[in-house]
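**Student:** I'm passing along query_15.cif; it holds mmCIF, N, CA and C atoms.
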data_run
#
loop_
_atom_site.label_atom_id
_atom_site.label_comp_id
_atom_site.auth_asym_id
_atom_site.auth_seq_id
_atom_site.Cartn_x
_atom_site.Cartn_y
_atom_site.Cartn_z
N MET C 841 85.25 118.94 168.41
CA MET C 841 84.90 119.30 167.06
C MET C 841 84.47 120.76 167.06
N SER C 842 85.04 121.51 166.13
CA SER C 842 84.71 122.92 166.01
C SER C 842 83.52 123.09 165.08
N THR C 843 82.63 123.95 165.44
CA THR C 843 81.48 124.23 164.58
C THR C 843 81.40 125.72 164.30
N SER C 844 82.55 126.31 164.01
CA SER C 844 82.59 127.74 163.71
C SER C 844 81.83 128.03 162.42
N PRO C 845 81.59 129.30 162.12
CA PRO C 845 80.83 129.65 160.92
C PRO C 845 81.43 129.01 159.67
N SER C 846 80.56 128.71 158.73
CA SER C 846 80.98 128.06 157.50
C SER C 846 81.94 128.93 156.71
N ALA C 847 82.95 128.28 156.15
CA ALA C 847 83.88 128.92 155.23
C ALA C 847 83.66 128.27 153.87
N ILE C 848 83.86 129.03 152.83
CA ILE C 848 83.69 128.49 151.48
C ILE C 848 85.03 128.57 150.76
N VAL C 849 85.44 127.44 150.17
CA VAL C 849 86.66 127.36 149.38
C VAL C 849 86.24 126.97 147.97
N VAL C 850 86.71 127.72 146.98
CA VAL C 850 86.36 127.46 145.59
C VAL C 850 87.64 127.24 144.79
N GLY C 851 87.65 126.18 143.98
CA GLY C 851 88.82 125.92 143.14
C GLY C 851 88.50 124.96 142.03
N VAL C 852 89.39 124.93 141.05
CA VAL C 852 89.27 124.02 139.91
C VAL C 852 90.02 122.73 140.27
N VAL C 853 89.45 121.59 139.92
CA VAL C 853 90.05 120.29 140.22
C VAL C 853 91.21 120.03 139.26
N VAL C 854 92.36 119.71 139.86
CA VAL C 854 93.58 119.42 139.11
C VAL C 854 94.13 118.06 139.56
N PRO C 855 94.98 117.45 138.75
CA PRO C 855 95.57 116.17 139.16
C PRO C 855 96.39 116.34 140.44
N GLY C 856 96.31 115.33 141.29
CA GLY C 856 97.12 115.30 142.52
C GLY C 856 98.11 114.15 142.42
N ASP C 857 98.47 113.60 143.57
CA ASP C 857 99.43 112.50 143.61
C ASP C 857 98.79 111.15 143.28
N GLY C 858 97.46 111.07 143.30
CA GLY C 858 96.77 109.81 143.04
C GLY C 858 96.75 108.88 144.24
N ARG C 859 97.27 109.34 145.34
CA ARG C 859 97.40 108.50 146.53
C ARG C 859 96.04 108.20 147.16
N GLY C 860 95.14 109.19 147.20
CA GLY C 860 93.83 108.98 147.80
C GLY C 860 93.07 107.84 147.15
N ARG C 861 93.10 107.78 145.84
CA ARG C 861 92.41 106.71 145.11
C ARG C 861 93.01 105.36 145.49
N GLU C 862 94.35 105.29 145.56
CA GLU C 862 95.03 104.04 145.92
C GLU C 862 94.64 103.58 147.32
N LEU C 863 94.36 104.53 148.22
CA LEU C 863 94.03 104.20 149.61
C LEU C 863 92.53 103.97 149.83
N GLY C 864 91.72 104.14 148.78
CA GLY C 864 90.29 103.92 148.89
C GLY C 864 89.48 105.17 149.20
N PHE C 865 90.15 106.33 149.18
CA PHE C 865 89.49 107.61 149.44
C PHE C 865 89.89 108.60 148.36
N PRO C 866 89.34 108.44 147.13
CA PRO C 866 89.74 109.36 146.05
C PRO C 866 89.39 110.80 146.40
N THR C 867 90.29 111.69 146.06
CA THR C 867 90.07 113.10 146.37
C THR C 867 90.19 113.95 145.13
N ALA C 868 89.46 115.06 145.14
CA ALA C 868 89.59 116.10 144.12
C ALA C 868 90.50 117.17 144.72
N ASN C 869 91.63 117.38 144.08
CA ASN C 869 92.60 118.37 144.54
C ASN C 869 92.27 119.71 143.88
N LEU C 870 92.15 120.75 144.70
CA LEU C 870 91.75 122.05 144.17
C LEU C 870 92.95 122.95 143.92
N ALA C 871 92.97 123.56 142.73
CA ALA C 871 93.94 124.61 142.44
C ALA C 871 93.39 125.88 143.04
N LEU C 872 94.19 126.51 143.86
CA LEU C 872 93.74 127.71 144.56
C LEU C 872 94.64 128.87 144.19
N ASP C 873 94.08 130.06 144.21
CA ASP C 873 94.82 131.25 143.80
C ASP C 873 95.36 132.01 145.00
N GLY C 874 95.91 131.28 145.97
CA GLY C 874 96.45 131.95 147.14
C GLY C 874 95.39 132.46 148.07
N SER C 875 94.17 131.99 147.90
CA SER C 875 93.08 132.46 148.75
C SER C 875 93.32 132.04 150.19
N ASP C 876 92.67 132.75 151.09
CA ASP C 876 92.78 132.41 152.50
C ASP C 876 92.18 131.04 152.74
N LEU C 877 92.96 130.19 153.38
CA LEU C 877 92.47 128.86 153.71
C LEU C 877 92.21 128.79 155.21
N PRO C 878 91.27 127.96 155.60
CA PRO C 878 91.05 127.76 157.03
C PRO C 878 92.23 127.00 157.62
N ALA C 879 92.23 126.80 158.92
CA ALA C 879 93.29 126.06 159.60
C ALA C 879 93.40 124.65 159.03
N ASP C 880 94.62 124.11 159.05
CA ASP C 880 94.82 122.74 158.62
C ASP C 880 93.93 121.81 159.44
N GLY C 881 93.41 120.79 158.79
CA GLY C 881 92.58 119.82 159.49
C GLY C 881 91.66 119.09 158.56
N ILE C 882 90.80 118.29 159.16
CA ILE C 882 89.79 117.52 158.44
C ILE C 882 88.44 118.13 158.74
N TYR C 883 87.66 118.35 157.69
CA TYR C 883 86.37 119.05 157.80
C TYR C 883 85.25 118.23 157.18
N ALA C 884 84.05 118.38 157.72
CA ALA C 884 82.82 117.92 157.08
C ALA C 884 82.36 119.08 156.20
N ALA C 885 81.87 118.76 155.00
CA ALA C 885 81.53 119.84 154.06
C ALA C 885 80.42 119.42 153.11
N TRP C 886 79.79 120.43 152.53
CA TRP C 886 78.88 120.26 151.40
C TRP C 886 79.59 120.83 150.18
N THR C 887 79.48 120.13 149.04
CA THR C 887 80.22 120.54 147.85
C THR C 887 79.29 120.64 146.65
N ARG C 888 79.41 121.76 145.94
CA ARG C 888 78.67 121.97 144.70
C ARG C 888 79.66 121.87 143.54
N ILE C 889 79.25 121.17 142.48
CA ILE C 889 80.08 121.00 141.28
C ILE C 889 79.58 121.98 140.23
N ASP C 890 80.50 122.84 139.77
CA ASP C 890 80.15 123.89 138.81
C ASP C 890 78.92 124.64 139.32
N ASP C 891 77.94 124.84 138.46
CA ASP C 891 76.73 125.56 138.87
C ASP C 891 75.54 124.62 139.03
N GLU C 892 75.83 123.32 139.18
CA GLU C 892 74.76 122.35 139.29
C GLU C 892 73.98 122.58 140.59
N PRO C 893 72.68 122.26 140.59
CA PRO C 893 71.87 122.51 141.80
C PRO C 893 72.17 121.54 142.94
N GLU C 894 72.59 120.33 142.64
CA GLU C 894 72.81 119.33 143.69
C GLU C 894 74.08 119.62 144.47
N VAL C 895 74.04 119.37 145.77
CA VAL C 895 75.24 119.46 146.61
C VAL C 895 75.54 118.07 147.16
N TRP C 896 76.82 117.80 147.35
CA TRP C 896 77.28 116.49 147.76
C TRP C 896 77.96 116.55 149.12
N PRO C 897 77.70 115.57 149.99
CA PRO C 897 78.43 115.52 151.25
C PRO C 897 79.89 115.14 150.98
N ALA C 898 80.79 115.68 151.79
CA ALA C 898 82.21 115.44 151.55
C ALA C 898 83.01 115.51 152.85
N SER C 899 84.16 114.86 152.81
CA SER C 899 85.20 114.99 153.82
C SER C 899 86.33 115.75 153.15
N VAL C 900 86.87 116.75 153.84
CA VAL C 900 87.86 117.64 153.23
C VAL C 900 89.11 117.70 154.10
N SER C 901 90.26 117.60 153.44
CA SER C 901 91.54 117.75 154.12
C SER C 901 92.18 119.05 153.67
N VAL C 902 92.58 119.87 154.63
CA VAL C 902 93.33 121.09 154.36
C VAL C 902 94.68 120.90 155.04
N GLY C 903 95.76 121.00 154.28
CA GLY C 903 97.08 120.86 154.90
C GLY C 903 98.13 120.33 153.95
N THR C 904 99.21 119.82 154.53
CA THR C 904 100.39 119.44 153.76
C THR C 904 100.62 117.93 153.65
N ASN C 905 99.69 117.12 154.12
CA ASN C 905 99.85 115.66 154.10
C ASN C 905 101.14 115.22 154.79
N PRO C 906 101.29 115.46 156.08
CA PRO C 906 102.56 115.21 156.76
C PRO C 906 102.95 113.74 156.88
N THR C 907 102.04 112.81 156.60
CA THR C 907 102.40 111.39 156.68
C THR C 907 103.36 111.00 155.58
N PHE C 908 103.33 111.72 154.47
CA PHE C 908 104.17 111.37 153.33
C PHE C 908 105.35 112.33 153.24
N ALA C 909 106.51 111.77 152.92
CA ALA C 909 107.75 112.54 152.91
C ALA C 909 107.73 113.63 151.85
N GLY C 910 108.52 114.64 152.09
CA GLY C 910 108.66 115.71 151.12
C GLY C 910 108.11 117.02 151.64
N ASP C 911 108.61 118.08 151.06
CA ASP C 911 108.15 119.42 151.41
C ASP C 911 106.95 119.73 150.53
N ARG C 912 105.79 119.84 151.13
CA ARG C 912 104.56 120.01 150.36
C ARG C 912 103.89 121.33 150.71
N GLU C 913 103.30 121.91 149.68
CA GLU C 913 102.50 123.12 149.91
C GLU C 913 101.17 122.69 150.52
N ARG C 914 100.54 123.64 151.19
CA ARG C 914 99.19 123.38 151.71
C ARG C 914 98.27 123.14 150.52
N ARG C 915 97.34 122.26 150.72
CA ARG C 915 96.40 121.93 149.67
C ARG C 915 95.04 121.62 150.25
N VAL C 916 94.05 121.64 149.38
CA VAL C 916 92.69 121.26 149.76
C VAL C 916 92.32 120.05 148.91
N GLU C 917 91.96 118.97 149.61
CA GLU C 917 91.56 117.73 148.94
C GLU C 917 90.15 117.37 149.40
N VAL C 918 89.26 117.14 148.43
CA VAL C 918 87.85 116.91 148.71
C VAL C 918 87.49 115.47 148.35
N HIS C 919 87.01 114.72 149.33
CA HIS C 919 86.53 113.36 149.10
C HIS C 919 85.01 113.39 149.12
N LEU C 920 84.40 113.32 147.93
CA LEU C 920 82.94 113.29 147.84
C LEU C 920 82.46 111.90 148.25
N HIS C 921 81.48 111.84 149.11
CA HIS C 921 80.96 110.56 149.60
C HIS C 921 80.09 109.91 148.52
N ASP C 922 80.37 108.65 148.26
CA ASP C 922 79.54 107.83 147.37
C ASP C 922 79.38 108.41 145.97
N VAL C 923 80.44 109.04 145.47
CA VAL C 923 80.39 109.65 144.14
C VAL C 923 81.61 109.20 143.36
N ASN C 924 81.38 108.79 142.11
CA ASN C 924 82.49 108.41 141.24
C ASN C 924 82.35 109.19 139.94
N LEU C 925 82.88 110.40 139.93
CA LEU C 925 82.76 111.29 138.77
C LEU C 925 84.14 111.76 138.33
N ASP C 926 84.28 112.03 137.05
CA ASP C 926 85.50 112.66 136.57
C ASP C 926 85.35 114.16 136.81
N LEU C 927 86.11 114.68 137.75
CA LEU C 927 85.97 116.08 138.14
C LEU C 927 87.07 116.98 137.61
N TYR C 928 88.06 116.43 136.93
CA TYR C 928 89.17 117.26 136.43
C TYR C 928 88.66 118.42 135.59
N GLY C 929 89.13 119.61 135.92
CA GLY C 929 88.75 120.81 135.18
C GLY C 929 87.45 121.44 135.63
N ARG C 930 86.73 120.77 136.52
CA ARG C 930 85.46 121.32 137.01
C ARG C 930 85.72 122.16 138.26
N THR C 931 84.82 123.08 138.53
CA THR C 931 84.96 123.96 139.69
C THR C 931 84.12 123.43 140.84
N LEU C 932 84.75 123.32 142.00
CA LEU C 932 84.04 122.90 143.20
C LEU C 932 83.93 124.09 144.15
N ALA C 933 82.73 124.28 144.69
CA ALA C 933 82.51 125.25 145.76
C ALA C 933 82.25 124.42 147.01
N VAL C 934 83.17 124.48 147.96
CA VAL C 934 83.16 123.63 149.13
C VAL C 934 82.80 124.47 150.36
N THR C 935 81.67 124.17 150.96
CA THR C 935 81.23 124.86 152.17
C THR C 935 81.62 124.00 153.37
N LEU C 936 82.62 124.46 154.11
CA LEU C 936 83.08 123.73 155.28
C LEU C 936 82.09 123.95 156.41
N VAL C 937 81.57 122.87 156.96
CA VAL C 937 80.54 122.93 157.99
C VAL C 937 81.15 122.85 159.38
N ALA C 938 82.11 121.93 159.58
CA ALA C 938 82.71 121.75 160.90
C ALA C 938 84.10 121.14 160.75
N ARG C 939 85.00 121.56 161.62
CA ARG C 939 86.35 120.98 161.66
C ARG C 939 86.32 119.82 162.64
N LEU C 940 86.66 118.63 162.12
CA LEU C 940 86.62 117.43 162.95
C LEU C 940 87.87 117.25 163.81
N ARG C 941 89.02 117.56 163.23
CA ARG C 941 90.27 117.35 163.94
C ARG C 941 91.41 118.07 163.20
N PRO C 942 92.55 118.22 163.88
CA PRO C 942 93.70 118.80 163.20
C PRO C 942 94.34 117.78 162.25
N THR C 943 95.23 118.24 161.39
CA THR C 943 96.01 117.35 160.54
C THR C 943 97.00 116.61 161.43
N LEU C 944 97.16 115.32 161.18
CA LEU C 944 98.05 114.49 161.98
C LEU C 944 99.08 113.79 161.11
N HIS C 945 100.21 113.43 161.72
CA HIS C 945 101.21 112.59 161.06
C HIS C 945 100.98 111.16 161.53
N PHE C 946 100.84 110.22 160.60
CA PHE C 946 100.63 108.82 160.94
C PHE C 946 101.89 108.04 160.65
N GLU C 947 102.15 107.02 161.48
CA GLU C 947 103.36 106.21 161.33
C GLU C 947 103.30 105.28 160.13
N GLY C 948 102.13 105.03 159.63
CA GLY C 948 102.02 104.15 158.47
C GLY C 948 100.70 104.34 157.76
N VAL C 949 100.62 103.75 156.58
CA VAL C 949 99.44 103.89 155.73
C VAL C 949 98.21 103.25 156.39
N ASP C 950 98.38 102.11 157.08
CA ASP C 950 97.24 101.45 157.71
C ASP C 950 96.56 102.35 158.73
N ALA C 951 97.36 103.06 159.53
CA ALA C 951 96.80 103.97 160.52
C ALA C 951 96.07 105.12 159.85
N LEU C 952 96.63 105.62 158.75
CA LEU C 952 95.99 106.71 158.00
C LEU C 952 94.65 106.24 157.42
N VAL C 953 94.63 105.06 156.82
CA VAL C 953 93.40 104.53 156.22
C VAL C 953 92.33 104.33 157.30
N SER C 954 92.71 103.78 158.44
CA SER C 954 91.77 103.58 159.53
C SER C 954 91.19 104.90 160.02
N GLN C 955 92.05 105.91 160.20
CA GLN C 955 91.57 107.22 160.65
C GLN C 955 90.69 107.87 159.59
N SER C 956 91.06 107.71 158.31
CA SER C 956 90.26 108.29 157.22
C SER C 956 88.87 107.68 157.19
N ALA C 957 88.77 106.37 157.39
CA ALA C 957 87.46 105.71 157.43
C ALA C 957 86.63 106.27 158.58
N ASP C 958 87.26 106.47 159.73
CA ASP C 958 86.55 107.04 160.87
C ASP C 958 86.12 108.48 160.58
N ASP C 959 86.99 109.25 159.93
CA ASP C 959 86.66 110.64 159.57
C ASP C 959 85.43 110.68 158.66
N VAL C 960 85.38 109.79 157.68
CA VAL C 960 84.24 109.76 156.76
C VAL C 960 82.97 109.40 157.52
N ARG C 961 83.05 108.42 158.41
CA ARG C 961 81.87 108.04 159.22
C ARG C 961 81.38 109.24 160.03
N ARG C 962 82.30 109.94 160.66
CA ARG C 962 81.93 111.11 161.48
C ARG C 962 81.32 112.21 160.61
N CYS C 963 81.89 112.43 159.43
CA CYS C 963 81.33 113.44 158.52
C CYS C 963 79.92 113.08 158.11
N ARG C 964 79.70 111.82 157.78
CA ARG C 964 78.36 111.37 157.38
C ARG C 964 77.34 111.65 158.48
N ARG C 965 77.70 111.29 159.71
CA ARG C 965 76.78 111.51 160.83
C ARG C 965 76.51 113.00 161.03
N LEU C 966 77.54 113.79 161.00
CA LEU C 966 77.38 115.22 161.23
C LEU C 966 76.53 115.86 160.13
N LEU C 967 76.81 115.51 158.88
CA LEU C 967 76.08 116.12 157.77
C LEU C 967 74.64 115.63 157.69
N ALA C 968 74.39 114.41 158.16
CA ALA C 968 73.02 113.88 158.16
C ALA C 968 72.14 114.73 159.06
N GLY C 969 72.72 115.33 160.07
CA GLY C 969 71.96 116.16 160.98
C GLY C 969 71.86 117.61 160.55
N ARG C 970 72.53 117.96 159.46
CA ARG C 970 72.53 119.33 158.96
C ARG C 970 72.33 119.30 157.46
N GLY C 971 71.17 119.61 157.01
CA GLY C 971 70.90 119.63 155.58
C GLY C 971 71.73 120.70 154.89
N PRO C 972 71.81 120.63 153.59
CA PRO C 972 72.63 121.59 152.85
C PRO C 972 71.98 122.96 152.64
N ALA C 973 70.93 123.27 153.36
CA ALA C 973 70.28 124.57 153.21
C ALA C 973 71.29 125.70 153.42
N GLY C 974 71.25 126.67 152.56
CA GLY C 974 72.13 127.81 152.68
C GLY C 974 73.51 127.60 152.10
N VAL C 975 73.74 126.44 151.46
CA VAL C 975 75.04 126.18 150.86
C VAL C 975 75.19 127.03 149.61
N ALA C 976 76.37 127.61 149.45
CA ALA C 976 76.62 128.49 148.29
C ALA C 976 76.55 127.77 146.99
#
Take the structure in the file and give it back as structure tokens.
**Tutor:**
Amino acid sequence: MSTSPSAIVVGVVVPGDGRGRELGFPTANLALDGSDLPADGIYAAWTRIDDEPEVWPASVSVGTNPTFAGDRERRVEVHLHDVNLDLYGRTLAVTLVARLRPTLHFEGVDALVSQSADDVRRCRRLLAGRGPAGVA
């Protein structure tokens, strides 16, 4: 697990494929203006919604979703832990805390769901040990 300095990604939430919700891990897909993105992978992160004071723990995917067919652009998808909010049109400021693993291609949806559950567990543990102090 990489614990390089925090990177911040900011974007407006736009509709995605809806696949995350179907798999039990709803994500907020960020519209980005060609900004520099970190390496593809899964990250533990703290996320601020608009200018609200509260920050939320999250699991973040940066990459092209190689498990699903098609030529896809790189994207940032944010799964807020234990939150069920309508985020469309809202701005998220995502502070990436640590990279858990690279993006992987899975042979099937079951393997992806199992790995995603493990990723969320790992993010929870990591973030529990690091408060959101200093989050943008």
**Student:** Out of C:Thr887, C:Phe865, C:Asp880, C:Val916, which residue has the shortest atom-to-atom distance to Thr935 of chain C when counting only N, CA and C atoms?
**Tutor:** C:Thr887
**Student:** Selection in question (the file shown): the PyMOL selection byres ((chain C and resi 937) around 5). Which residues does it include, as a PDB file with N, CA and C atoms, in the frame of the given file?
**Tutor:**
ATOM      1  N   ALA C 884      84.050 118.380 157.720  1.00  0.00           N
ATOM      2  CA  ALA C 884      82.820 117.920 157.080  1.00  0.00           C
ATOM      3  C   ALA C 884      82.360 119.080 156.200  1.00  0.00           C
ATOM      4  N   ALA C 885      81.870 118.760 155.000  1.00  0.00           N
ATOM      5  CA  ALA C 885      81.530 119.840 154.060  1.00  0.00           C
ATOM      6  C   ALA C 885      80.420 119.420 153.110  1.00  0.00           C
ATOM      7  N   THR C 935      81.670 124.170 150.960  1.00  0.00           N
ATOM      8  CA  THR C 935      81.230 124.860 152.170  1.00  0.00           C
ATOM      9  C   THR C 935      81.620 124.000 153.370  1.00  0.00           C
ATOM     10  N   LEU C 936      82.620 124.460 154.110  1.00  0.00           N
ATOM     11  CA  LEU C 936      83.080 123.730 155.280  1.00  0.00           C
ATOM     12  C   LEU C 936      82.090 123.950 156.410  1.00  0.00           C
ATOM     13  N   ALA C 938      82.110 121.930 159.580  1.00  0.00           N
ATOM     14  CA  ALA C 938      82.710 121.750 160.900  1.00  0.00           C
ATOM     15  C   ALA C 938      84.100 121.140 160.750  1.00  0.00           C
ATOM     16  N   ARG C 939      85.000 121.560 161.620  1.00  0.00           N
ATOM     17  CA  ARG C 939      86.350 120.980 161.660  1.00  0.00           C
ATOM     18  C   ARG C 939      86.320 119.820 162.640  1.00  0.00           C
TER      19      ARG C 939
END
**Student:** Find the residue from C:Pro893, C:Gly851, C:Pro878, C:Gly903 that sits nearest to His945 of chain C; use only C-alpha atoms when measuring.
**Tutor:**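 Nearest to His945 of chain C: C:Gly903.
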**Student:** Hey, what comes out of the PyMOL selection byres ((chain C and resi 931) around 6) on this file? Could you write it as number ranges by chain?
**Tutor:** C: 851-853, 888-890, 929-930, 932-933
**Student:** From the DSSP assignment of the backbone, select every residue of chain C that is alpha helix (DSSP H), and format the answer as a list in words.
**Tutor:**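 Put together, the selection reads Arg859, Gly860, Arg861, Glu862, Leu863, Val949, Asp950, Ala951, Leu952, Val953, Ser954, Gln955, Ser956, Ala957, Asp958, Asp959, Val960, Arg961, Arg962, Cys963, Arg964, Arg965, Leu966, Leu967 and Ala968 of chain C.
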**Student:** Please indicate the distance in Å from atom CA of Val918 of chain C to atom C of Glu947 of chain C, rounded to one decimal place.
**Tutor:**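 About the pair atom CA of Val918 of chain C and atom C of Glu947 of chain C: they are 22.5 Å apart.
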